[in-house]
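Novice: Quick one: structure below, then a few questions.
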Amino acid sequence: MTFPNNQIVSLIRSSVDIELKENLTSEELKNILAAYINGLINTNFNKLISILYRMDINEKKLMRQLHDHPDEDAGMMLAELIIERQAQKITSRAFFRNKENDGDENEKW
């Protein structure tokens with residue numbers, strides 16, 4: 001399933017202090033995010049850890065990615081994981097919104 005990038009951009013903006021325009025391509029978004037992350041790796045690692053925690057990035061998956069691809073750009077790998085996680089959030093919110101709208105009134109809390 002694909003999503004308009006503006007939904008993903010909006011979610012990223014709410015967790016990361018970064019300027020992002022609305023109509024970015026997926027590749028532009030990934031590149032901007034990777035550059036930002038690489039900057040944090042070099043200058044403010046604690047802030048990066050905080051962002052990853054807030055965005056609910058799976059630590060085991062991240063560590064496995066970094067371990068399996070030691071020569072790849074860490075910022076790019078993290079950017080991909082962040083974008084993937086935001087897409088998952090959009091999917092789950094849509095699923096539960098639809099489920100709520102389809103459910104029986106008596107089943108709602």
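Ligands are numbered from 1 in the order shown, residues from 1 within each chain, and chains are lettered A, B, ... in the order they appear in the structure tokens.
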Considering only C-alpha atoms, return as a PDB file with N, CA, C and O atoms, in the first residue's frame whatever protein or nucleic-acid residues lie within 12 Å of Ala74 (chain A), sequence-local ones (same chain, fewer than 5 positions apart) excluded.
Specialist:
ATOM      1  N   ASN A  31      16.368  11.277   1.342  1.00  0.00           N
ATOM      2  CA  ASN A  31      17.678  11.943   1.317  1.00  0.00           C
ATOM      3  C   ASN A  31      17.789  13.058   2.352  1.00  0.00           C
ATOM      4  O   ASN A  31      18.815  13.189   3.033  1.00  0.00           O
ATOM      5  N   LEU A  33      16.012  13.384   5.124  1.00  0.00           N
ATOM      6  CA  LEU A  33      15.981  12.757   6.437  1.00  0.00           C
ATOM      7  C   LEU A  33      17.317  12.085   6.758  1.00  0.00           C
ATOM      8  O   LEU A  33      17.828  12.209   7.876  1.00  0.00           O
ATOM      9  N   ALA A  34      17.911  11.414   5.788  1.00  0.00           N
ATOM     10  CA  ALA A  34      19.213  10.758   5.993  1.00  0.00           C
ATOM     11  C   ALA A  34      20.286  11.791   6.336  1.00  0.00           C
ATOM     12  O   ALA A  34      21.105  11.559   7.243  1.00  0.00           O
ATOM     13  N   ALA A  35      20.301  12.910   5.641  1.00  0.00           N
ATOM     14  CA  ALA A  35      21.292  13.962   5.922  1.00  0.00           C
ATOM     15  C   ALA A  35      21.089  14.508   7.336  1.00  0.00           C
ATOM     16  O   ALA A  35      22.063  14.729   8.078  1.00  0.00           O
ATOM     17  N   TYR A  36      19.840  14.723   7.725  1.00  0.00           N
ATOM     18  CA  TYR A  36      19.534  15.215   9.067  1.00  0.00           C
ATOM     19  C   TYR A  36      20.006  14.210  10.126  1.00  0.00           C
ATOM     20  O   TYR A  36      20.646  14.569  11.120  1.00  0.00           O
ATOM     21  N   ILE A  37      19.716  12.937   9.898  1.00  0.00           N
ATOM     22  CA  ILE A  37      20.101  11.881  10.837  1.00  0.00           C
ATOM     23  C   ILE A  37      21.614  11.778  10.932  1.00  0.00           C
ATOM     24  O   ILE A  37      22.160  11.667  12.031  1.00  0.00           O
ATOM     25  N   ASN A  38      22.306  11.822   9.808  1.00  0.00           N
ATOM     26  CA  ASN A  38      23.770  11.761   9.833  1.00  0.00           C
ATOM     27  C   ASN A  38      24.346  12.940  10.615  1.00  0.00           C
ATOM     28  O   ASN A  38      25.328  12.785  11.340  1.00  0.00           O
ATOM     29  N   GLY A  39      23.714  14.104  10.492  1.00  0.00           N
ATOM     30  CA  GLY A  39      24.143  15.258  11.283  1.00  0.00           C
ATOM     31  C   GLY A  39      23.969  15.005  12.766  1.00  0.00           C
ATOM     32  O   GLY A  39      24.852  15.328  13.578  1.00  0.00           O
ATOM     33  N   LEU A  40      22.840  14.387  13.149  1.00  0.00           N
ATOM     34  CA  LEU A  40      22.607  14.079  14.559  1.00  0.00           C
ATOM     35  C   LEU A  40      23.578  13.019  15.065  1.00  0.00           C
ATOM     36  O   LEU A  40      24.021  13.087  16.218  1.00  0.00           O
ATOM     37  N   ILE A  41      23.911  12.051  14.230  1.00  0.00           N
ATOM     38  CA  ILE A  41      24.878  11.024  14.631  1.00  0.00           C
ATOM     39  C   ILE A  41      26.194  11.687  15.029  1.00  0.00           C
ATOM     40  O   ILE A  41      26.821  11.305  16.012  1.00  0.00           O
ATOM     41  N   ASN A  42      26.581  12.717  14.282  1.00  0.00           N
ATOM     42  CA  ASN A  42      27.856  13.391  14.527  1.00  0.00           C
ATOM     43  C   ASN A  42      27.802  14.473  15.600  1.00  0.00           C
ATOM     44  O   ASN A  42      28.827  14.775  16.212  1.00  0.00           O
ATOM     45  N   LEU A  62      16.513  -2.225  13.984  1.00  0.00           N
ATOM     46  CA  LEU A  62      17.562  -1.249  13.701  1.00  0.00           C
ATOM     47  C   LEU A  62      18.943  -1.863  13.905  1.00  0.00           C
ATOM     48  O   LEU A  62      19.814  -1.747  13.037  1.00  0.00           O
ATOM     49  N   MET A  63      19.139  -2.515  15.030  1.00  0.00           N
ATOM     50  CA  MET A  63      20.441  -3.115  15.317  1.00  0.00           C
ATOM     51  C   MET A  63      20.793  -4.196  14.293  1.00  0.00           C
ATOM     52  O   MET A  63      21.939  -4.304  13.859  1.00  0.00           O
ATOM     53  N   ARG A  64      19.800  -4.976  13.893  1.00  0.00           N
ATOM     54  CA  ARG A  64      20.028  -6.014  12.887  1.00  0.00           C
ATOM     55  C   ARG A  64      20.428  -5.390  11.553  1.00  0.00           C
ATOM     56  O   ARG A  64      21.358  -5.843  10.898  1.00  0.00           O
ATOM     57  N   GLN A  65      19.740  -4.323  11.162  1.00  0.00           N
ATOM     58  CA  GLN A  65      20.066  -3.620   9.910  1.00  0.00           C
ATOM     59  C   GLN A  65      21.500  -3.094   9.937  1.00  0.00           C
ATOM     60  O   GLN A  65      22.245  -3.253   8.987  1.00  0.00           O
ATOM     61  N   LEU A  66      21.850  -2.436  11.031  1.00  0.00           N
ATOM     62  CA  LEU A  66      23.199  -1.879  11.151  1.00  0.00           C
ATOM     63  C   LEU A  66      24.262  -2.975  11.165  1.00  0.00           C
ATOM     64  O   LEU A  66      25.320  -2.826  10.554  1.00  0.00           O
ATOM     65  N   HIS A  67      23.957  -4.070  11.830  1.00  0.00           N
ATOM     66  CA  HIS A  67      24.902  -5.188  11.900  1.00  0.00           C
ATOM     67  C   HIS A  67      25.061  -5.868  10.536  1.00  0.00           C
ATOM     68  O   HIS A  67      26.174  -6.201  10.119  1.00  0.00           O
ATOM     69  N   ASP A  68      23.946  -6.090   9.835  1.00  0.00           N
ATOM     70  CA  ASP A  68      23.968  -6.804   8.553  1.00  0.00           C
ATOM     71  C   ASP A  68      24.545  -5.973   7.410  1.00  0.00           C
ATOM     72  O   ASP A  68      24.947  -6.535   6.395  1.00  0.00           O
ATOM     73  N   HIS A  69      24.552  -4.656   7.568  1.00  0.00           N
ATOM     74  CA  HIS A  69      25.022  -3.766   6.488  1.00  0.00           C
ATOM     75  C   HIS A  69      25.986  -2.718   7.049  1.00  0.00           C
ATOM     76  O   HIS A  69      25.716  -1.513   6.987  1.00  0.00           O
ATOM     77  N   ALA A  79      16.612   6.496   7.935  1.00  0.00           N
ATOM     78  CA  ALA A  79      15.564   7.218   7.211  1.00  0.00           C
ATOM     79  C   ALA A  79      14.541   6.236   6.649  1.00  0.00           C
ATOM     80  O   ALA A  79      13.329   6.460   6.751  1.00  0.00           O
ATOM     81  N   GLU A  80      15.021   5.150   6.079  1.00  0.00           N
ATOM     82  CA  GLU A  80      14.106   4.137   5.529  1.00  0.00           C
ATOM     83  C   GLU A  80      13.246   3.517   6.627  1.00  0.00           C
ATOM     84  O   GLU A  80      12.045   3.320   6.440  1.00  0.00           O
ATOM     85  N   LEU A  81      13.855   3.223   7.774  1.00  0.00           N
ATOM     86  CA  LEU A  81      13.088   2.655   8.892  1.00  0.00           C
ATOM     87  C   LEU A  81      12.048   3.640   9.415  1.00  0.00           C
ATOM     88  O   LEU A  81      10.929   3.254   9.754  1.00  0.00           O
TER      89      LEU A  81
END
Novice: According to DSSP computed on the backbone, where in chain A is there alpha helix (DSSP H)? Give the residues as a ChimeraX atom specification.
Specialist: /A:5-15,26-43,45-54,59-68,74-102
Novice: Compile the contact shell of region 9-16 of chain A as a compact mmCIF listing (two decimals) with C-alpha atoms, in the first residue's frame: residues with an atom at most 12 Å away, counting only C-alpha atoms, same-chain residues fewer than 5 positions apart removed.
Specialist:
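What landed in out-v6.txt:
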# COMPACT_ATOMS: atom_id res chain seq x y z
CA PHE A 3 0.48 6.72 0.85
CA PRO A 4 0.66 10.33 -0.17
CA LYS A 21 8.11 20.91 2.17
CA GLU A 22 4.82 19.26 1.38
CA ASN A 23 5.34 17.83 -2.09
CA LEU A 24 8.56 15.89 -1.67
CA THR A 25 9.15 12.73 -3.64
CA SER A 26 9.91 9.61 -1.61
CA GLU A 28 13.83 13.50 -1.69
CA LEU A 29 12.26 12.79 1.70
CA LYS A 30 14.62 9.89 2.33
CA ILE A 32 16.76 14.96 3.46
CA LEU A 33 15.98 12.76 6.44
CA TYR A 36 19.53 15.22 9.07
CA ILE A 37 20.10 11.88 10.84
CA LEU A 40 22.61 14.08 14.56
CA LYS A 47 18.63 13.73 20.40
CA LEU A 48 18.64 11.06 17.69
CA ILE A 49 17.97 8.33 20.28
CA SER A 50 15.11 10.40 21.67
CA ILE A 51 13.59 10.85 18.19
CA LEU A 52 13.86 7.14 17.41
CA TYR A 53 12.20 6.30 20.72
CA ARG A 54 9.39 8.82 20.13
CA MET A 55 8.82 7.48 16.63
CA ASP A 56 8.71 3.93 17.98
CA ILE A 57 11.49 2.59 15.77
CA ALA A 79 15.56 7.22 7.21
CA LEU A 81 13.09 2.65 8.89
CA ILE A 82 11.48 5.94 9.96
CA ILE A 83 9.51 6.25 6.72
CA GLU A 84 8.47 2.59 6.94
CA ARG A 85 7.30 3.08 10.54
CA GLN A 86 5.27 6.17 9.65
CA ALA A 87 3.59 4.23 6.82
CA GLN A 88 2.71 1.49 9.32
CA LYS A 89 1.13 4.08 11.62
CA ILE A 90 -0.97 5.45 8.75
